[in-house]
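Notes follow the structure.
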Amino acid sequence: MPHRVDVLLHNIGTLVTPLGNHPRGGNAMKDIQVMEQAAVAIAGGRIAVVGTEEEVRNALQSAGSEIVTSVDAGGRLVTPGLVDPHTHLVHGGSREHELALKRSGVPYLEILAMGGGILSTVTATRKATEDELYTKALKSLNEMMLQGVTTIEAKSGYGLTVDDELKQLRVARRLHEAHPLDLVSTFMGAHAVPPEYKGREDEFVDLIVNEMLPRVTDEGLAEFCDVFCEQGVFSVEQSRRILMEGKRNGLIPKIHADEIVSLGGAQLAGEVGAISAEHLLAASDEGLAEMANAGVIPVLLPGTSFNLGLIQHARARDMIDKYELPVALSTDYNPGSSPTESMQLIISLASLNLKMTPEEILTACTINAANALGRGFEIGTIEAGKAADLAIFDAPNLAYLPYHFGINHTFGVIKSGRVVVWERGVVNA
Ligand SMILES: N=CN[C@@H](CCC(=O)O)C(=O)O
Ligand SMILES: [Zn+2]
């Protein structure tokens with residue numbers, strides 16, 4: 001028991017959290033702890049004690065702990081800080097000019113093949129200075145924090161030259177150092193083939209492998225390596241080569257797999273030992289079984305299928321009920337397929353379109369998402385010893401979050417023991 005408690009968060013109406021450090025799949029996704037009239041004592045940025053308010057106060061009193069600051073949660077709902085494990089945070093420009101095209105039925109991959117889509121954002125990102133990218137991404141990062149998010153992943157992939165990929169990753173590193181939120185970086189030089197390599201796709205893969213990957217690892221700019229494995233983008237063979245070379249360079253594989261066409265990306269995820277596979281709308285049963293065998297976390301992105309106007313969504317129910325996979329959820333924040341920073345929108349869409357229960361959704365946005373970033377021992381639950389990352393919502397219970405959709409429920413956010421959002425506004429950032 002610490003002698004000095006920096007923050008005592010008390011008068012929590014309901015505290016909800018999954019427990020443990022590992023990904024939770026199948027029925028275990030529904031297993032969460034629900035505690036009424038709770039409190040959390042925080043010391044040195046970590047959770048020191050959690051329990052009912054009476055238990056916590058008694059424990060602190062018998063240890064003679066000094067409480068430096070008391071924070072009144074006002075009877076609200078408290079969850080672990082949300083984790084957004086798949087974002088394309090750093091990019092230039094926006095793509096509202098493609099909205100009419102999309103709504104008239106032109107498919108996502110066709111817009112890309114016409115030189116638009118991802119490639120239009122590549123042009124804008126190449127043009128932007130590091131400072132311009134920083135300022136734009138900072139705004140989005142604050143939006144995410146106001147949603148109750150405390151850790152995010154950020155991918156490169158809109159530079160597609162050595163310098164422009166490094167530029168994006170340096171912006172993410174600067175933001176990680178300057179902003180209260182934690183950013184975890186992923187190198188995604190294999191996001192699209194740039195126009196100057198059209199018809200010479202394998203030469204672009206050579207560039208990624210021989211020049212980009214070594215520079216990224218030399219500068220310690222990323223932990224993960226991701227590939228858009230999709231028809232007309234990177235084949236299974238090209239993806240395998242990049243992910244294996246990434247691994248040789250110390251980067252853990254992730255993969256945009258079977259989003260539109262069932263290419264076998266889910267199987268590849270299992271084969272290369274990816275920590276996660278993303279999208280998976282078209283994943284086959286064999287692919288899902290392979291992921292379950294290999295312990296790959298499916299990161300589902302219901303904002304993308306919603307925004308692309310698809311009838312089909314990822315098969316979350318099969319993944320949970322049949323394959324006992326530990327589903328994670330994310331915004332996929334990007335300027336094309338999912339222009340939203342809102343994890344709370346994702347929470348509602350997961351309920352509506354993926355048919356996940358509120359308990360499963362909480363697990364997916366916290367401990368499973370944390371494990372998709374290799375951080376299950378550090379964040380994702382409210383337990384003694386973990387980082388004190390907490391979200392305080394103006395909601396009477398957990399089910400209220402997906403139920404009352406389209407508004408921001410966040411009242412406060414505590415990141416590493418520091419209050420960074422209060423009364424719905426950013427403080428101390
Ligand atoms: N599908 C590939 N990449 C992103 C979209 C990028 C974009 O359209 O700019 C995604 O995860 O959805
Ligand atoms: Zn993505």
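Chain labels A, B, ... are given in the sequence in which chains occur in the structure tokens; within each chain residues are numbered consecutively from 1, and ligands are likewise numbered from 1 in the order shown.
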Write out as a VMD selection string each polymer residue whose atoms come within 6 Å of range 338-354 of chain A, counting only C-alpha atoms; drop sequence neighbours fewer than 3 positions from it. chain A and resid 144 303 to 304 316 331 333 to 335 402
For those residues, write C-alpha atoms to a file as a compact mmCIF listing (two decimals), in the first residue's frame.
```txt
# COMPACT_ATOMS: atom_id res chain seq x y z
CA MET A 144 -9.86 10.68 -29.58
CA GLY A 303 -16.99 2.13 -39.05
CA THR A 304 -15.51 1.11 -42.38
CA ALA A 316 -18.13 -11.11 -35.20
CA THR A 331 -12.11 3.17 -35.51
CA TYR A 333 -9.62 6.36 -38.46
CA ASN A 334 -8.51 7.34 -41.97
CA PRO A 335 -9.58 9.93 -44.58
CA PRO A 402 -24.05 1.59 -27.32
```
Neighbours of ligand 2 within 9 Å, counting only C-alpha atoms and all ligand atoms, as a PyMOL selection string? chain A and resi 86-88+155+191+228+255-256+278-279+301+331-334+337-338
Create the file for the chosen residues now, containing N, CA and C atoms and written as a PDB file, in the first residue's frame.
```pdb
ATOM      1  N   HIS A  86      -6.065   0.549 -34.250  1.00  0.00           N
ATOM      2  CA  HIS A  86      -5.875   0.580 -35.707  1.00  0.00           C
ATOM      3  C   HIS A  86      -6.285   1.958 -36.217  1.00  0.00           C
ATOM      4  N   THR A  87      -5.314   2.842 -36.389  1.00  0.00           N
ATOM      5  CA  THR A  87      -5.643   4.147 -36.980  1.00  0.00           C
ATOM      6  C   THR A  87      -4.593   4.541 -38.006  1.00  0.00           C
ATOM      7  N   HIS A  88      -5.055   5.370 -38.948  1.00  0.00           N
ATOM      8  CA  HIS A  88      -4.148   5.961 -39.943  1.00  0.00           C
ATOM      9  C   HIS A  88      -4.086   7.455 -39.586  1.00  0.00           C
ATOM     10  N   LYS A 155      -0.516   4.283 -37.976  1.00  0.00           N
ATOM     11  CA  LYS A 155       0.225   3.670 -39.083  1.00  0.00           C
ATOM     12  C   LYS A 155       0.775   4.726 -40.028  1.00  0.00           C
ATOM     13  N   HIS A 191       0.983   0.048 -48.210  1.00  0.00           N
ATOM     14  CA  HIS A 191      -0.430   0.431 -48.115  1.00  0.00           C
ATOM     15  C   HIS A 191      -1.043   0.517 -49.515  1.00  0.00           C
ATOM     16  N   PHE A 228      -1.378  -4.017 -46.733  1.00  0.00           N
ATOM     17  CA  PHE A 228      -2.740  -4.100 -47.272  1.00  0.00           C
ATOM     18  C   PHE A 228      -2.755  -5.245 -48.286  1.00  0.00           C
ATOM     19  N   ILE A 255      -1.791  -7.310 -40.311  1.00  0.00           N
ATOM     20  CA  ILE A 255      -2.170  -7.403 -41.733  1.00  0.00           C
ATOM     21  C   ILE A 255      -3.609  -6.948 -41.978  1.00  0.00           C
ATOM     22  N   HIS A 256      -3.802  -6.086 -42.985  1.00  0.00           N
ATOM     23  CA  HIS A 256      -5.143  -5.764 -43.476  1.00  0.00           C
ATOM     24  C   HIS A 256      -5.531  -6.965 -44.342  1.00  0.00           C
ATOM     25  N   GLU A 278      -6.751  -7.503 -39.528  1.00  0.00           N
ATOM     26  CA  GLU A 278      -7.726  -6.426 -39.496  1.00  0.00           C
ATOM     27  C   GLU A 278      -8.763  -6.551 -40.623  1.00  0.00           C
ATOM     28  N   HIS A 279      -9.934  -6.016 -40.397  1.00  0.00           N
ATOM     29  CA  HIS A 279     -11.062  -6.004 -41.354  1.00  0.00           C
ATOM     30  C   HIS A 279     -11.774  -7.361 -41.385  1.00  0.00           C
ATOM     31  N   LEU A 301     -13.525  -3.468 -37.713  1.00  0.00           N
ATOM     32  CA  LEU A 301     -13.598  -2.034 -37.985  1.00  0.00           C
ATOM     33  C   LEU A 301     -14.989  -1.695 -38.534  1.00  0.00           C
ATOM     34  N   THR A 331     -11.489   2.213 -34.574  1.00  0.00           N
ATOM     35  CA  THR A 331     -12.108   3.174 -35.506  1.00  0.00           C
ATOM     36  C   THR A 331     -11.629   2.991 -36.937  1.00  0.00           C
ATOM     37  N   ASP A 332     -10.356   2.526 -37.115  1.00  0.00           N
ATOM     38  CA  ASP A 332      -9.721   2.555 -38.449  1.00  0.00           C
ATOM     39  C   ASP A 332      -9.683   4.001 -38.948  1.00  0.00           C
ATOM     40  N   TYR A 333      -9.577   4.959 -38.032  1.00  0.00           N
ATOM     41  CA  TYR A 333      -9.616   6.364 -38.460  1.00  0.00           C
ATOM     42  C   TYR A 333      -8.688   6.599 -39.652  1.00  0.00           C
ATOM     43  N   ASN A 334      -9.267   7.013 -40.765  1.00  0.00           N
ATOM     44  CA  ASN A 334      -8.505   7.343 -41.973  1.00  0.00           C
ATOM     45  C   ASN A 334      -9.378   8.234 -42.848  1.00  0.00           C
ATOM     46  N   SER A 337     -11.940   5.380 -45.944  1.00  0.00           N
ATOM     47  CA  SER A 337     -13.000   4.428 -45.631  1.00  0.00           C
ATOM     48  C   SER A 337     -13.644   4.656 -44.269  1.00  0.00           C
ATOM     49  N   SER A 338     -12.955   5.408 -43.380  1.00  0.00           N
ATOM     50  CA  SER A 338     -13.534   5.604 -42.049  1.00  0.00           C
ATOM     51  C   SER A 338     -13.076   6.929 -41.425  1.00  0.00           C
TER      52      SER A 338
END
```
Please run DSSP on the backbone and report, as an MDAnalysis selection string, all residues within range 30-165 of chain A that come out as alpha helix (DSSP H). chainID A and resid 53:63 99:103 108:113 118:127 130:146 162:165
Include C-alpha atoms and write out the residues we just selected as a PDB file, in the first residue's frame.
```pdb
ATOM      1  CA  GLU A  53     -15.378   2.811  -1.841  1.00  0.00           C
ATOM      2  CA  GLU A  54     -15.604   1.373   1.655  1.00  0.00           C
ATOM      3  CA  GLU A  55     -12.910  -1.240   0.960  1.00  0.00           C
ATOM      4  CA  VAL A  56     -10.552   1.266  -0.624  1.00  0.00           C
ATOM      5  CA  ARG A  57     -10.966   3.856   2.154  1.00  0.00           C
ATOM      6  CA  ASN A  58     -10.464   1.196   4.842  1.00  0.00           C
ATOM      7  CA  ALA A  59      -7.325  -0.087   3.129  1.00  0.00           C
ATOM      8  CA  LEU A  60      -5.892   3.413   2.828  1.00  0.00           C
ATOM      9  CA  GLN A  61      -6.771   4.238   6.402  1.00  0.00           C
ATOM     10  CA  SER A  62      -5.152   1.128   7.875  1.00  0.00           C
ATOM     11  CA  ALA A  63      -2.007   1.831   5.854  1.00  0.00           C
ATOM     12  CA  LEU A  99     -18.244  11.104 -51.369  1.00  0.00           C
ATOM     13  CA  ALA A 100     -20.539  11.569 -54.382  1.00  0.00           C
ATOM     14  CA  LEU A 101     -18.529   8.984 -56.337  1.00  0.00           C
ATOM     15  CA  LYS A 102     -18.838   6.495 -53.488  1.00  0.00           C
ATOM     16  CA  ARG A 103     -22.544   7.141 -53.052  1.00  0.00           C
ATOM     17  CA  TYR A 108     -13.536   1.462 -53.070  1.00  0.00           C
ATOM     18  CA  LEU A 109     -10.929  -0.503 -55.063  1.00  0.00           C
ATOM     19  CA  GLU A 110     -12.063   1.066 -58.338  1.00  0.00           C
ATOM     20  CA  ILE A 111     -11.497   4.581 -56.959  1.00  0.00           C
ATOM     21  CA  LEU A 112      -8.005   3.452 -55.924  1.00  0.00           C
ATOM     22  CA  ALA A 113      -7.333   1.931 -59.367  1.00  0.00           C
ATOM     23  CA  ILE A 118      -5.390   6.164 -50.821  1.00  0.00           C
ATOM     24  CA  LEU A 119      -3.312   7.646 -53.654  1.00  0.00           C
ATOM     25  CA  SER A 120      -5.061  11.000 -53.392  1.00  0.00           C
ATOM     26  CA  THR A 121      -4.086  11.096 -49.702  1.00  0.00           C
ATOM     27  CA  VAL A 122      -0.528  10.100 -50.676  1.00  0.00           C
ATOM     28  CA  THR A 123      -0.292  13.240 -52.845  1.00  0.00           C
ATOM     29  CA  ALA A 124      -1.559  15.438 -49.986  1.00  0.00           C
ATOM     30  CA  THR A 125       0.730  13.762 -47.428  1.00  0.00           C
ATOM     31  CA  ARG A 126       3.816  14.091 -49.610  1.00  0.00           C
ATOM     32  CA  LYS A 127       3.059  17.815 -50.061  1.00  0.00           C
ATOM     33  CA  GLU A 130       6.122  17.526 -40.861  1.00  0.00           C
ATOM     34  CA  ASP A 131       4.698  20.422 -38.839  1.00  0.00           C
ATOM     35  CA  GLU A 132       1.528  20.569 -40.916  1.00  0.00           C
ATOM     36  CA  LEU A 133       0.977  16.845 -40.424  1.00  0.00           C
ATOM     37  CA  TYR A 134       1.663  17.260 -36.716  1.00  0.00           C
ATOM     38  CA  THR A 135      -0.913  20.037 -36.287  1.00  0.00           C
ATOM     39  CA  LYS A 136      -3.600  18.105 -38.158  1.00  0.00           C
ATOM     40  CA  ALA A 137      -2.950  14.851 -36.296  1.00  0.00           C
ATOM     41  CA  LEU A 138      -2.893  16.650 -32.935  1.00  0.00           C
ATOM     42  CA  LYS A 139      -6.440  17.849 -33.512  1.00  0.00           C
ATOM     43  CA  SER A 140      -7.600  14.288 -34.169  1.00  0.00           C
ATOM     44  CA  LEU A 141      -5.696  12.981 -31.187  1.00  0.00           C
ATOM     45  CA  ASN A 142      -7.533  15.426 -28.919  1.00  0.00           C
ATOM     46  CA  GLU A 143     -10.841  14.257 -30.411  1.00  0.00           C
ATOM     47  CA  MET A 144      -9.864  10.682 -29.576  1.00  0.00           C
ATOM     48  CA  MET A 145      -8.955  11.605 -26.022  1.00  0.00           C
ATOM     49  CA  LEU A 146     -12.323  13.360 -25.646  1.00  0.00           C
ATOM     50  CA  VAL A 162      11.526   6.431 -47.850  1.00  0.00           C
ATOM     51  CA  ASP A 163      11.489  10.066 -46.729  1.00  0.00           C
ATOM     52  CA  ASP A 164       7.729  10.485 -46.658  1.00  0.00           C
ATOM     53  CA  GLU A 165       7.156   7.264 -44.712  1.00  0.00           C
TER      54      GLU A 165
END
```
